[in-house]
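Undergrad: Hey, dropping model.txt in here, compact mmCIF, C-alpha atoms and all ligand atoms:
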```txt
# COMPACT_ATOMS: atom_id res chain seq x y z
CA MET A 260 17.41 -2.40 25.60
CA ARG A 261 18.17 -0.24 22.63
CA ILE A 262 20.54 -1.86 20.17
CA THR A 263 22.42 1.41 19.88
CA ASP A 264 23.30 1.06 23.59
CA LEU A 265 24.07 -2.66 23.32
CA LEU A 266 26.54 -1.96 20.52
CA ASN A 267 28.27 0.73 22.52
CA THR A 268 31.07 -1.54 23.77
CA ASN A 269 34.70 -2.17 22.91
CA LYS A 270 34.10 -5.87 22.41
CA VAL A 271 33.30 -7.46 19.06
CA THR A 272 29.68 -8.61 19.29
CA PHE A 273 27.35 -10.71 17.20
CA SER A 274 23.60 -10.94 16.68
CA LEU A 275 21.39 -13.67 15.23
CA GLU A 276 18.52 -13.47 12.79
CA PHE A 277 15.55 -15.86 12.82
CA PHE A 278 12.52 -16.22 10.60
CA PRO A 279 9.04 -17.12 11.88
CA PRO A 280 8.55 -20.88 11.38
CA LYS A 281 5.57 -21.84 9.22
CA THR A 282 4.23 -24.51 11.59
CA GLU A 283 3.55 -24.98 15.30
CA GLU A 284 6.12 -27.78 15.32
CA GLY A 285 8.67 -25.43 13.74
CA GLU A 286 8.02 -22.86 16.48
CA ARG A 287 8.34 -25.56 19.15
CA VAL A 288 11.76 -26.58 17.75
CA LEU A 289 12.84 -22.94 17.60
CA PHE A 290 11.94 -22.32 21.25
CA GLU A 291 12.81 -25.68 22.79
CA GLU A 292 15.96 -26.53 20.83
CA THR A 293 17.41 -23.82 18.58
CA ILE A 294 17.25 -20.69 20.74
CA PRO A 295 18.23 -22.45 24.02
CA LYS A 296 21.41 -23.72 22.31
CA LEU A 297 22.22 -20.41 20.65
CA LYS A 298 21.49 -18.43 23.83
CA SER A 299 24.53 -20.06 25.41
CA LEU A 300 26.68 -18.23 22.83
CA ASN A 301 25.46 -14.96 24.35
CA PRO A 302 24.27 -13.00 21.30
CA THR A 303 23.96 -9.25 21.79
CA PHE A 304 20.54 -9.22 20.18
CA THR A 305 18.34 -11.19 17.84
CA SER A 306 16.09 -10.09 15.01
CA VAL A 307 13.01 -11.71 13.49
CA THR A 308 12.08 -11.27 9.83
CA TYR A 309 8.73 -10.01 8.57
CA GLY A 310 7.26 -12.35 5.96
CA ALA A 311 6.87 -11.39 2.33
CA GLY A 312 3.79 -9.22 1.85
CA GLY A 313 3.61 -8.57 5.59
CA SER A 314 2.33 -12.13 5.91
CA THR A 315 3.89 -12.87 9.30
CA ARG A 316 2.93 -9.74 11.21
CA ASN A 317 1.44 -11.70 14.13
CA GLN A 318 4.10 -14.41 14.17
CA THR A 319 6.95 -11.89 13.97
CA LEU A 320 5.70 -9.94 16.96
CA ARG A 321 4.78 -13.10 18.91
CA ILE A 322 8.24 -14.57 18.37
CA VAL A 323 9.97 -11.32 19.30
CA ASN A 324 7.85 -11.16 22.47
CA ARG A 325 8.65 -14.77 23.37
CA ILE A 326 12.41 -14.33 22.82
CA LYS A 327 12.41 -11.26 25.05
CA LYS A 328 10.23 -12.75 27.80
CA GLU A 329 11.36 -16.40 27.83
CA PHE A 330 15.09 -15.90 27.19
CA GLY A 331 15.77 -12.33 28.24
CA ILE A 332 17.53 -11.67 24.91
CA GLU A 333 16.87 -8.38 23.12
CA ALA A 334 14.78 -9.06 20.02
CA MET A 335 14.03 -6.70 17.15
CA PRO A 336 11.20 -7.20 14.67
CA HIS A 337 11.76 -6.40 11.01
CA LEU A 338 8.91 -4.33 9.60
CA THR A 339 8.09 -3.75 5.93
CA CYS A 340 5.75 -1.36 4.09
CA VAL A 341 4.30 -4.08 1.83
CA GLY A 342 0.51 -4.19 1.72
CA SER A 343 0.15 -1.73 4.61
CA THR A 344 -1.33 1.71 5.01
CA ARG A 345 0.17 4.22 7.39
CA GLU A 346 -2.57 3.35 9.91
CA MET A 347 -1.81 -0.38 9.69
CA ILE A 348 1.89 0.27 10.30
CA GLY A 349 0.89 2.53 13.19
CA GLU A 350 -1.06 -0.37 14.73
CA VAL A 351 1.91 -2.75 14.41
CA LEU A 352 4.13 -0.18 16.10
CA GLU A 353 1.62 0.31 18.92
CA GLU A 354 1.40 -3.43 19.45
CA ALA A 355 5.21 -3.70 19.43
CA ARG A 356 5.53 -0.85 21.91
CA GLY A 357 2.98 -2.56 24.19
CA MET A 358 5.20 -5.65 24.21
CA GLY A 359 8.20 -3.62 25.29
CA VAL A 360 9.87 -3.65 21.86
CA GLU A 361 12.48 -0.91 21.65
CA ASN A 362 14.11 -1.56 18.27
CA ILE A 363 12.71 -1.87 14.73
CA LEU A 364 14.47 -2.78 11.49
CA ALA A 365 12.61 -0.55 9.02
CA LEU A 366 12.37 -1.88 5.48
CA ARG A 367 10.41 -1.27 2.32
CA GLY A 368 10.07 -4.98 1.48
CA ASP A 369 10.07 -6.78 -1.86
CA PRO A 370 7.33 -6.58 -4.49
CA PRO A 371 4.72 -9.33 -4.04
CA LYS A 372 5.39 -12.64 -5.88
CA GLY A 373 4.99 -12.36 -9.63
CA GLU A 374 5.52 -8.58 -9.62
CA THR A 375 8.83 -6.99 -10.52
CA GLN A 376 8.18 -3.46 -9.30
CA PHE A 377 7.29 -2.33 -5.83
CA LYS A 378 4.03 -0.39 -5.73
CA ALA A 379 3.15 1.48 -2.58
CA THR A 380 -0.19 0.58 -1.03
CA GLU A 381 -2.62 3.51 -1.22
CA GLY A 382 -2.09 5.45 1.97
CA GLY A 383 1.16 3.58 2.59
CA PHE A 384 4.88 4.19 2.08
CA SER A 385 7.00 4.05 -1.10
CA HIS A 386 10.46 3.69 0.44
CA SER A 387 11.98 2.60 3.70
CA LEU A 388 12.95 6.25 4.12
CA ASP A 389 9.26 7.17 4.60
CA LEU A 390 8.84 4.38 7.16
CA ILE A 391 11.94 5.53 9.04
CA GLU A 392 10.60 9.08 9.21
CA TYR A 393 7.24 7.78 10.45
CA ILE A 394 8.81 5.58 13.15
CA LYS A 395 11.03 8.46 14.22
CA GLU A 396 7.94 10.61 14.81
CA LYS A 397 6.83 8.03 17.40
CA LYS A 398 9.93 8.90 19.48
CA HIS A 399 10.09 5.44 21.00
CA PHE A 400 12.20 3.04 18.92
CA ALA A 401 15.85 2.75 17.97
CA ILE A 402 15.63 2.39 14.19
CA GLY A 403 17.75 0.12 12.01
CA ALA A 404 17.85 0.18 8.20
CA SER A 405 19.21 -1.96 5.40
CA GLY A 406 22.44 -1.39 3.46
CA TYR A 407 23.62 -3.02 0.24
CA PRO A 408 27.40 -3.35 -0.20
CA GLU A 409 26.87 -4.29 -3.86
CA GLY A 410 23.96 -1.89 -4.38
CA HIS A 411 20.27 -2.81 -4.19
CA ILE A 412 19.23 -5.05 -7.07
CA GLU A 413 16.63 -2.59 -8.41
CA CYS A 414 19.09 0.29 -8.57
CA SER A 415 21.46 0.22 -11.55
CA ASP A 416 23.80 2.76 -9.94
CA LYS A 417 25.21 1.48 -6.66
CA ILE A 418 26.57 4.91 -5.68
CA LEU A 419 23.07 6.34 -5.99
CA ASP A 420 21.78 3.49 -3.83
CA TRP A 421 24.49 4.21 -1.24
CA ASP A 422 23.55 7.92 -1.29
CA ARG A 423 19.97 6.83 -0.55
CA THR A 424 21.29 4.68 2.30
CA ALA A 425 22.98 7.76 3.73
CA ALA A 426 19.65 9.60 3.43
CA LYS A 427 18.03 6.91 5.58
CA ILE A 428 20.56 7.61 8.31
CA LYS A 429 19.97 11.33 8.02
CA ALA A 430 16.25 10.62 8.36
CA GLY A 431 16.74 8.76 11.64
CA ALA A 432 18.20 5.27 11.12
CA GLN A 433 20.66 4.66 13.94
CA PHE A 434 22.37 1.55 12.61
CA LEU A 435 22.57 -0.39 9.35
CA VAL A 436 22.41 -4.12 8.82
CA THR A 437 23.67 -5.16 5.40
CA GLN A 438 22.48 -7.60 2.83
CA LEU A 439 24.52 -10.83 2.70
CA PHE A 440 27.77 -10.63 0.71
CA TYR A 441 30.86 -12.78 0.13
CA ASP A 442 33.12 -10.06 -1.27
CA VAL A 443 34.91 -8.38 1.63
CA ASP A 444 36.14 -5.53 -0.57
CA ALA A 445 32.56 -4.73 -1.58
CA PHE A 446 31.64 -4.24 2.09
CA LEU A 447 34.75 -2.20 2.87
CA THR A 448 34.22 0.06 -0.16
CA PHE A 449 30.56 0.59 0.80
CA GLN A 450 31.50 1.36 4.39
CA ASP A 451 34.33 3.66 3.38
CA TYR A 452 32.01 5.56 1.01
CA LEU A 453 29.43 6.16 3.74
CA ARG A 454 32.05 7.11 6.32
CA THR A 455 34.03 9.51 4.11
CA LYS A 456 31.53 10.92 1.60
CA HIS A 457 28.56 11.16 3.97
CA LYS A 458 30.35 11.32 7.35
CA VAL A 459 28.20 8.41 8.56
CA THR A 460 29.17 7.40 12.08
CA VAL A 461 26.42 4.90 12.96
CA PRO A 462 27.28 1.18 13.27
CA ILE A 463 27.32 -0.61 9.91
CA ILE A 464 26.70 -4.26 10.74
CA PRO A 465 27.70 -6.79 8.07
CA GLY A 466 25.05 -9.45 7.38
CA ILE A 467 26.75 -12.84 7.24
CA LEU A 468 25.16 -16.01 5.87
CA PRO A 469 26.97 -19.28 6.59
CA PHE A 470 25.27 -21.11 3.73
CA LEU A 471 23.93 -24.63 4.13
CA GLY A 472 23.77 -25.82 0.52
CA ALA A 473 25.17 -25.06 -2.93
CA GLU A 474 21.84 -24.40 -4.61
CA GLN A 475 20.74 -22.32 -1.65
CA VAL A 476 23.66 -19.90 -1.75
CA LYS A 477 23.43 -19.55 -5.53
CA ARG A 478 19.70 -18.84 -5.27
CA PHE A 479 20.02 -16.34 -2.41
CA THR A 480 22.87 -14.42 -4.06
CA ALA A 481 21.06 -14.35 -7.42
CA MET A 482 17.92 -13.02 -5.72
CA CYS A 483 19.71 -10.09 -4.12
CA GLY A 484 22.41 -9.49 -6.75
CA ALA A 485 25.39 -10.42 -4.54
CA LYS A 486 28.50 -11.92 -6.17
CA ILE A 487 30.11 -15.16 -5.11
CA PRO A 488 33.84 -14.63 -5.77
CA SER A 489 35.24 -17.35 -8.06
CA ALA A 490 37.58 -18.80 -5.40
CA ILE A 491 34.57 -19.42 -3.13
CA LEU A 492 32.46 -20.75 -6.01
CA HIS A 493 35.19 -23.29 -6.87
CA LYS A 494 35.25 -24.50 -3.26
CA ILE A 495 31.46 -24.90 -3.27
CA ASP A 496 31.42 -26.70 -6.61
CA ALA A 497 34.16 -29.10 -5.46
CA CYS A 498 31.95 -30.35 -2.59
CA LYS A 499 30.32 -33.74 -2.89
CA THR A 500 27.85 -33.51 0.00
CA ASP A 501 25.74 -30.87 1.73
CA GLU A 502 27.82 -31.45 4.84
CA GLU A 503 30.95 -30.40 2.91
CA VAL A 504 29.17 -27.30 1.57
CA ARG A 505 28.06 -26.42 5.09
CA ASN A 506 31.67 -26.66 6.30
CA VAL A 507 32.84 -24.47 3.40
CA GLY A 508 30.10 -21.99 4.39
CA VAL A 509 31.46 -21.77 7.93
CA ASP A 510 35.10 -21.51 6.73
CA VAL A 511 34.28 -18.81 4.17
CA CYS A 512 32.32 -16.76 6.72
CA THR A 513 35.05 -17.21 9.34
CA ASP A 514 37.55 -15.83 6.84
CA ILE A 515 35.27 -12.91 5.87
CA CYS A 516 34.50 -11.98 9.49
CA SER A 517 38.17 -12.24 10.53
CA LYS A 518 39.10 -9.81 7.77
CA LEU A 519 36.26 -7.46 8.73
CA ILE A 520 37.25 -7.54 12.40
CA LYS A 521 40.87 -6.73 11.41
CA HIS A 522 39.44 -3.73 9.54
CA GLY A 523 37.61 -2.55 12.65
CA THR A 524 34.19 -4.20 12.42
CA LYS A 525 32.69 -4.38 15.90
CA ALA A 526 29.39 -6.17 15.29
CA ILE A 527 28.36 -9.06 13.05
CA HIS A 528 24.80 -10.08 12.18
CA ILE A 529 24.46 -13.79 11.43
CA TYR A 530 21.60 -15.02 9.25
CA SER A 531 21.07 -18.21 11.28
CA LEU A 532 18.35 -19.70 9.05
CA ASN A 533 16.95 -21.00 12.36
CA ARG A 534 19.78 -23.57 12.54
CA VAL A 535 22.37 -24.07 15.25
CA PRO A 536 25.58 -25.76 13.99
CA SER A 537 26.92 -23.24 11.45
CA SER A 538 26.21 -20.14 13.56
CA GLU A 539 27.66 -21.85 16.62
CA GLN A 540 30.82 -22.93 14.78
CA LEU A 541 31.29 -19.49 13.24
CA VAL A 542 31.02 -17.76 16.62
CA LYS A 543 33.46 -20.26 18.16
CA ASN A 544 35.94 -19.91 15.27
CA LEU A 545 35.93 -16.15 15.77
CA GLY A 546 36.50 -16.53 19.50
CA LEU A 547 33.40 -14.49 20.28
CA ILE A 548 32.33 -16.62 23.27
C1 LIG B 601 19.22 -6.75 6.75
C2 LIG B 601 18.03 -7.00 5.87
C3 LIG B 601 16.88 -7.56 6.41
C4 LIG B 601 15.76 -7.79 5.61
N1 LIG B 601 14.63 -8.34 6.18
C5 LIG B 601 13.51 -8.49 5.44
C6 LIG B 601 12.30 -8.96 6.03
O1 LIG B 601 12.26 -9.26 7.21
N2 LIG B 601 11.21 -9.08 5.24
C7 LIG B 601 11.22 -8.75 3.90
O2 LIG B 601 10.19 -8.87 3.24
N3 LIG B 601 12.37 -8.30 3.31
C8 LIG B 601 13.50 -8.16 4.05
N4 LIG B 601 14.65 -7.70 3.47
C9 LIG B 601 14.69 -7.48 2.02
C10 LIG B 601 14.23 -6.07 1.63
O3 LIG B 601 12.87 -5.90 1.98
C11 LIG B 601 14.42 -5.92 0.13
O4 LIG B 601 15.77 -5.90 -0.19
C12 LIG B 601 13.66 -4.78 -0.53
O5 LIG B 601 13.72 -4.97 -1.93
C13 LIG B 601 14.22 -3.40 -0.24
O6 LIG B 601 13.94 -3.00 1.04
P1 LIG B 601 14.76 -1.74 1.67
O7 LIG B 601 14.21 -1.41 2.96
O8 LIG B 601 16.20 -2.00 1.55
O9 LIG B 601 14.29 -0.65 0.58
P2 LIG B 601 14.66 0.87 0.33
O10 LIG B 601 15.68 1.39 1.26
O11 LIG B 601 13.37 1.61 0.25
O12 LIG B 601 15.29 0.76 -1.13
C14 LIG B 601 14.61 0.04 -2.15
C15 LIG B 601 14.97 0.60 -3.52
O13 LIG B 601 14.45 1.93 -3.64
C16 LIG B 601 15.51 2.85 -3.88
N5 LIG B 601 15.24 4.02 -3.04
C17 LIG B 601 15.45 4.15 -1.70
N6 LIG B 601 15.08 5.36 -1.27
C18 LIG B 601 14.63 6.03 -2.38
C19 LIG B 601 14.13 7.33 -2.59
N7 LIG B 601 13.99 8.19 -1.57
N8 LIG B 601 13.77 7.68 -3.86
C20 LIG B 601 13.89 6.82 -4.88
N9 LIG B 601 14.37 5.55 -4.73
C21 LIG B 601 14.74 5.17 -3.50
C22 LIG B 601 16.79 2.15 -3.47
O14 LIG B 601 17.92 2.61 -4.21
C23 LIG B 601 16.48 0.71 -3.76
O15 LIG B 601 16.75 0.37 -5.09
C24 LIG B 601 15.79 -7.46 4.23
C25 LIG B 601 16.97 -6.90 3.68
C26 LIG B 601 18.07 -6.66 4.49
C27 LIG B 601 19.31 -6.07 3.89
```
Translate this file's structure into structure tokens.
Ligand SMILES: Cc1cc2nc3c(=O)[nH]c(=O)nc-3n(C[C@H](O)[C@H](O)[C@H](O)COP(=O)(O)OP(=O)(O)OC[C@H]3O[C@@H](n4cnc5c(N)ncnc54)[C@H](O)[C@@H]3O)c2cc1C
TA:
Amino acid sequence: MRITDLLNTNKVTFSLEFFPPKTEEGERVLFEETIPKLKSLNPTFTSVTYGAGGSTRNQTLRIVNRIKKEFGIEAMPHLTCVGSTREMIGEVLEEARGMGVENILALRGDPPKGETQFKATEGGFSHSLDLIEYIKEKKHFAIGASGYPEGHIECSDKILDWDRTAAKIKAGAQFLVTQLFYDVDAFLTFQDYLRTKHKVTVPIIPGILPFLGAEQVKRFTAMCGAKIPSAILHKIDACKTDEEVRNVGVDVCTDICSKLIKHGTKAIHIYSLNRVPSSEQLVKNLGLI
């Protein structure tokens, strides 16, 4: 089903993101342990990331196909422009369509390792906007795009970045999923800007990461330029074990999501990191099952 239809409900819903495991054993655990447990929480949809440099094209589509067929849960592949010509992207889309995929998260992708600037592949796309326009021409998929409540890290002017986000919606994106953030006001300001300045009406789904370790959350936020508010940082730094950090991660995300829901958020996207306990606890804390 199209995510745009799935989100058309009065209930608060949540979705789960997975990444393609690197090994056969990892995929076995994902399908025999992780997804069966998380399925019982009744996620509205799932999404599967596309590896850096387009490196997981086959795995991403295979995992999406398996989630749809074996669990009957809607699954959306992420798709990036990295290392791909227009024709190559066209082939991925054809393959996805053949598998019954109806939704695509359309992204530009990061520059390859060791490079600081994104360079379009010859015959490929420079921005996610171009990919969105291309997918729209296919007239088959519901298209999602990224949003950055604190601005994209390569763009020194966050308002300009938000204007570009609005352009993606104008070009055909039908919902946004945001980068992770821990500053609720940043999300609300971003959302308010899009709603008032650009009259954006599509769902803006906050991306929520219940972090699993102190180094991990510091690394992830540094990579994407998200702030960790000092009150949260103090809680993390006061932890003595990973277990304590994990619990802080769930508490912090419960607090963020509760505030967002009070402000009208209807859908939450959880970066599950292919793990059960934190996502499960977060969903239970929010009373979403
Ligand atoms: C929800 C979510 C899921 C993600 N999943 C993946 C994944 O599966 N695999 C992966 O590799 N990466 C993933 N990423 C990371 C993403 O690929 C990077 O953040 C990447 O650097 C930007 O991709 P984008 O689609 O947001 O880029 P764009 O929307 O193209 O923006 C990138 C930069 O270009 C600028 N820009 C945009 N449009 C224009 C324009 N028309 N003219 C000039 N400048 C412009 C923007 O301001 C921004 O600075 C994800 C990010 C999010 C938020």
Undergrad: Do you know which residues are within 6 Å of ligand LIG 601 (chain B) using only C-alpha atoms and all ligand atoms? Can you write them as a short mmCIF file (atom, residue, chain, number, x, y, z; two decimals) with C-alpha atoms, in the frame of the given file?
TA:
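Full text of selection-v6.cif as output:
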```cif
data_model
loop_
_atom_site.label_atom_id
_atom_site.label_comp_id
_atom_site.auth_asym_id
_atom_site.auth_seq_id
_atom_site.Cartn_x
_atom_site.Cartn_y
_atom_site.Cartn_z
CA THR A 308 12.08 -11.27 9.83
CA TYR A 309 8.73 -10.01 8.57
CA GLY A 310 7.26 -12.35 5.96
CA ALA A 311 6.87 -11.39 2.33
CA HIS A 337 11.76 -6.40 11.01
CA LEU A 366 12.37 -1.88 5.48
CA ARG A 367 10.41 -1.27 2.32
CA GLY A 368 10.07 -4.98 1.48
CA ASP A 369 10.07 -6.78 -1.86
CA HIS A 386 10.46 3.69 0.44
CA SER A 387 11.98 2.60 3.70
CA LEU A 388 12.95 6.25 4.12
CA SER A 405 19.21 -1.96 5.40
CA GLY A 406 22.44 -1.39 3.46
CA HIS A 411 20.27 -2.81 -4.19
CA GLU A 413 16.63 -2.59 -8.41
CA CYS A 414 19.09 0.29 -8.57
CA ASP A 420 21.78 3.49 -3.83
CA ARG A 423 19.97 6.83 -0.55
CA VAL A 436 22.41 -4.12 8.82
CA THR A 437 23.67 -5.16 5.40
CA GLN A 438 22.48 -7.60 2.83
#
```
Undergrad: Could you produce a table of the residues of range 386-411 of chain A lying within 12 Å of range 460-475 of chain A, with the nearest pair of atoms per residue and their separation in Å rounded to one decimal, using all atoms listed in the file, ordered by chain and increasing residue number, as CSV?
TA:
```
residue,atom,partner,partner_atom,distance
A:Ala401,CA,A:Val461,CA,11.9
A:Ile402,CA,A:Val461,CA,11.1
A:Gly403,CA,A:Pro462,CA,9.7
A:Ala404,CA,A:Ile463,CA,9.7
A:Ser405,CA,A:Ile463,CA,9.4
A:Gly406,CA,A:Ile463,CA,8.1
A:Tyr407,CA,A:Pro465,CA,9.6
A:Pro408,CA,A:Pro465,CA,9.0
```
Undergrad: Point out the residue among A:Leu453, A:Ala355, A:Ala485, A:Leu364 with the least atom-to-atom distance to Ile262 in chain A, counting only C-alpha atoms.
TA: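 Looking at the shortest contact to Ile262 in chain A, the residue is A:Leu364.
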Undergrad: Can you list, as a VMD selection string, every protein, DNA or RNA residue that comes within 10 Å of Arg321 in chain A when you count all atoms listed in the file, leaving out same-chain residues fewer than 5 positions away?
TA: chain A and resid 279 307 315 to 316 326 to 327 336 355 358
Undergrad: Here is a test: counting all atoms listed in the file, which residue of A:Asp264, A:Asp442, A:Glu333, A:Asp451 is nearest to Lys486 in chain A?
TA: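 Looking only at the distances to Lys486 in chain A, the closest residue turns out to be A:Asp442.
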Undergrad: Pick out the closest residue to Gln376 in chain A from this set: A:Val341, A:Leu320, A:Leu435, A:Ile363. Count only C-alpha atoms.
TA: A:Val341
Undergrad: How many Å separate CA of Gly431 in chain A from CA of Met482 in chain A?
TA: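 Between CA of Gly431 in chain A and CA of Met482 in chain A the gap is 27.9 Å.
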Undergrad: Taking into account only C-alpha atoms, which residue in the set A:Thr272, A:Cys512, A:Lys417, A:Tyr441 is nearest to Lys477 in chain A?
TA: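 Using only C-alpha atoms, the shortest distance to Lys477 in chain A belongs to A:Tyr441.
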Undergrad: If I take CA of Gly359 in chain A and CA of Gly285 in chain A, how far is one from the other in Å, to one decimal?
TA: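 Pair CA of Gly359 in chain A / CA of Gly285 in chain A returns 24.7 Å.
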Undergrad: Quick one: distance from CA of Lys398 in chain A to CA of Val271 in chain A in Å, one decimal?
TA: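 These two atoms are separated by 28.5 Å.
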Undergrad: Using all atoms listed in the file, which protein or nucleic acid residues come within 7 Å of Cys483 in chain A? Drop anything in the same chain fewer than 3 positions from it, and give the result as an MDAnalysis selection string.
TA: chainID A and resid 412 479:480
Undergrad: Quick one: residues within 9 Å of Gly383 in chain A, all atoms listed in the file counted, chain neighbours fewer than 5 positions away excluded, as a ChimeraX atom specification?
TA: /A:340-348,390
Undergrad: Give me the residues near Val542 in chain A as a PDB file with C-alpha atoms, in the frame of the given file, where near means some atom within 12 Å (using all atoms listed in the file) and where sequence neighbours in that chain fewer than 2 positions away do not count.
TA:
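Written file, result_10.pdb:
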```
ATOM      1  CA  VAL A 271      33.300  -7.460  19.060  1.00  0.00           C
ATOM      2  CA  THR A 272      29.680  -8.610  19.290  1.00  0.00           C
ATOM      3  CA  PHE A 273      27.350 -10.710  17.200  1.00  0.00           C
ATOM      4  CA  SER A 274      23.600 -10.940  16.680  1.00  0.00           C
ATOM      5  CA  LEU A 275      21.390 -13.670  15.230  1.00  0.00           C
ATOM      6  CA  LEU A 297      22.220 -20.410  20.650  1.00  0.00           C
ATOM      7  CA  LYS A 298      21.490 -18.430  23.830  1.00  0.00           C
ATOM      8  CA  SER A 299      24.530 -20.060  25.410  1.00  0.00           C
ATOM      9  CA  LEU A 300      26.680 -18.230  22.830  1.00  0.00           C
ATOM     10  CA  ASN A 301      25.460 -14.960  24.350  1.00  0.00           C
ATOM     11  CA  PRO A 302      24.270 -13.000  21.300  1.00  0.00           C
ATOM     12  CA  ILE A 467      26.750 -12.840   7.240  1.00  0.00           C
ATOM     13  CA  PRO A 469      26.970 -19.280   6.590  1.00  0.00           C
ATOM     14  CA  VAL A 509      31.460 -21.770   7.930  1.00  0.00           C
ATOM     15  CA  ASP A 510      35.100 -21.510   6.730  1.00  0.00           C
ATOM     16  CA  CYS A 512      32.320 -16.760   6.720  1.00  0.00           C
ATOM     17  CA  THR A 513      35.050 -17.210   9.340  1.00  0.00           C
ATOM     18  CA  ASP A 514      37.550 -15.830   6.840  1.00  0.00           C
ATOM     19  CA  CYS A 516      34.500 -11.980   9.490  1.00  0.00           C
ATOM     20  CA  SER A 517      38.170 -12.240  10.530  1.00  0.00           C
ATOM     21  CA  ALA A 526      29.390  -6.170  15.290  1.00  0.00           C
ATOM     22  CA  ILE A 527      28.360  -9.060  13.050  1.00  0.00           C
ATOM     23  CA  HIS A 528      24.800 -10.080  12.180  1.00  0.00           C
ATOM     24  CA  ILE A 529      24.460 -13.790  11.430  1.00  0.00           C
ATOM     25  CA  SER A 531      21.070 -18.210  11.280  1.00  0.00           C
ATOM     26  CA  VAL A 535      22.370 -24.070  15.250  1.00  0.00           C
ATOM     27  CA  PRO A 536      25.580 -25.760  13.990  1.00  0.00           C
ATOM     28  CA  SER A 537      26.920 -23.240  11.450  1.00  0.00           C
ATOM     29  CA  SER A 538      26.210 -20.140  13.560  1.00  0.00           C
ATOM     30  CA  GLU A 539      27.660 -21.850  16.620  1.00  0.00           C
ATOM     31  CA  GLN A 540      30.820 -22.930  14.780  1.00  0.00           C
ATOM     32  CA  ASN A 544      35.940 -19.910  15.270  1.00  0.00           C
ATOM     33  CA  LEU A 545      35.930 -16.150  15.770  1.00  0.00           C
ATOM     34  CA  GLY A 546      36.500 -16.530  19.500  1.00  0.00           C
ATOM     35  CA  LEU A 547      33.400 -14.490  20.280  1.00  0.00           C
ATOM     36  CA  ILE A 548      32.330 -16.620  23.270  1.00  0.00           C
TER      37      ILE A 548
END
```
Undergrad: Given 3 Å of margin on each side, can you work out the centre and size in Å (one decimal) of an axis-aligned box holding every listed atom of range 332-351 of chain A, as lines of an AutoDock Vina configuration file?
TA:
```
center_x = 7.5
center_y = -3.7
center_z = 13.3
size_x = 26.1
size_y = 21.9
size_z = 29.2
```
Undergrad: Measuring between all atoms listed in the file, which one of A:Thr380, A:Cys498, A:Leu519, A:Val476 shows the shortest distance to Thr448 in chain A?
TA: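 Between A:Thr380, A:Cys498, A:Leu519, A:Val476, the residue approaching Thr448 in chain A most closely is A:Leu519.
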Undergrad: Counting all atoms listed in the file, which residues of range 316-411 of chain A sit at most 12 Å from some atom of range 291-295 of chain A, and what is each one's closest atom pair with its distance in Å to one decimal, listed by chain and rising residue number, as a Markdown table?
TA:
```
| residue | atom | partner | partner_atom | distance |
| --- | --- | --- | --- | --- |
| A:Ile322 | CA | A:Ile294 | CA | 11.1 |
| A:Val323 | CA | A:Ile294 | CA | 12.0 |
| A:Arg325 | CA | A:Ile294 | CA | 10.8 |
| A:Ile326 | CA | A:Ile294 | CA | 8.3 |
| A:Lys327 | CA | A:Ile294 | CA | 11.4 |
| A:Glu329 | CA | A:Pro295 | CA | 9.9 |
| A:Phe330 | CA | A:Pro295 | CA | 7.9 |
| A:Gly331 | CA | A:Pro295 | CA | 11.2 |
| A:Ile332 | CA | A:Ile294 | CA | 9.9 |
| A:Ala334 | CA | A:Ile294 | CA | 11.9 |
```
Undergrad: Can those selected residues be exported to a file as a tab-separated table (two decimals), in the coordinates of the input so that it contains C-alpha atoms?
TA:
```
chain	number	residue	atom	x	y	z
A	322	ILE	CA	8.24	-14.57	18.37
A	323	VAL	CA	9.97	-11.32	19.30
A	325	ARG	CA	8.65	-14.77	23.37
A	326	ILE	CA	12.41	-14.33	22.82
A	327	LYS	CA	12.41	-11.26	25.05
A	329	GLU	CA	11.36	-16.40	27.83
A	330	PHE	CA	15.09	-15.90	27.19
A	331	GLY	CA	15.77	-12.33	28.24
A	332	ILE	CA	17.53	-11.67	24.91
A	334	ALA	CA	14.78	-9.06	20.02
```
Undergrad: A:Tyr530, A:Lys543, A:Glu350, A:Glu396: which is nearest Glu276 in chain A, counting all atoms listed in the file?
TA: A:Tyr530
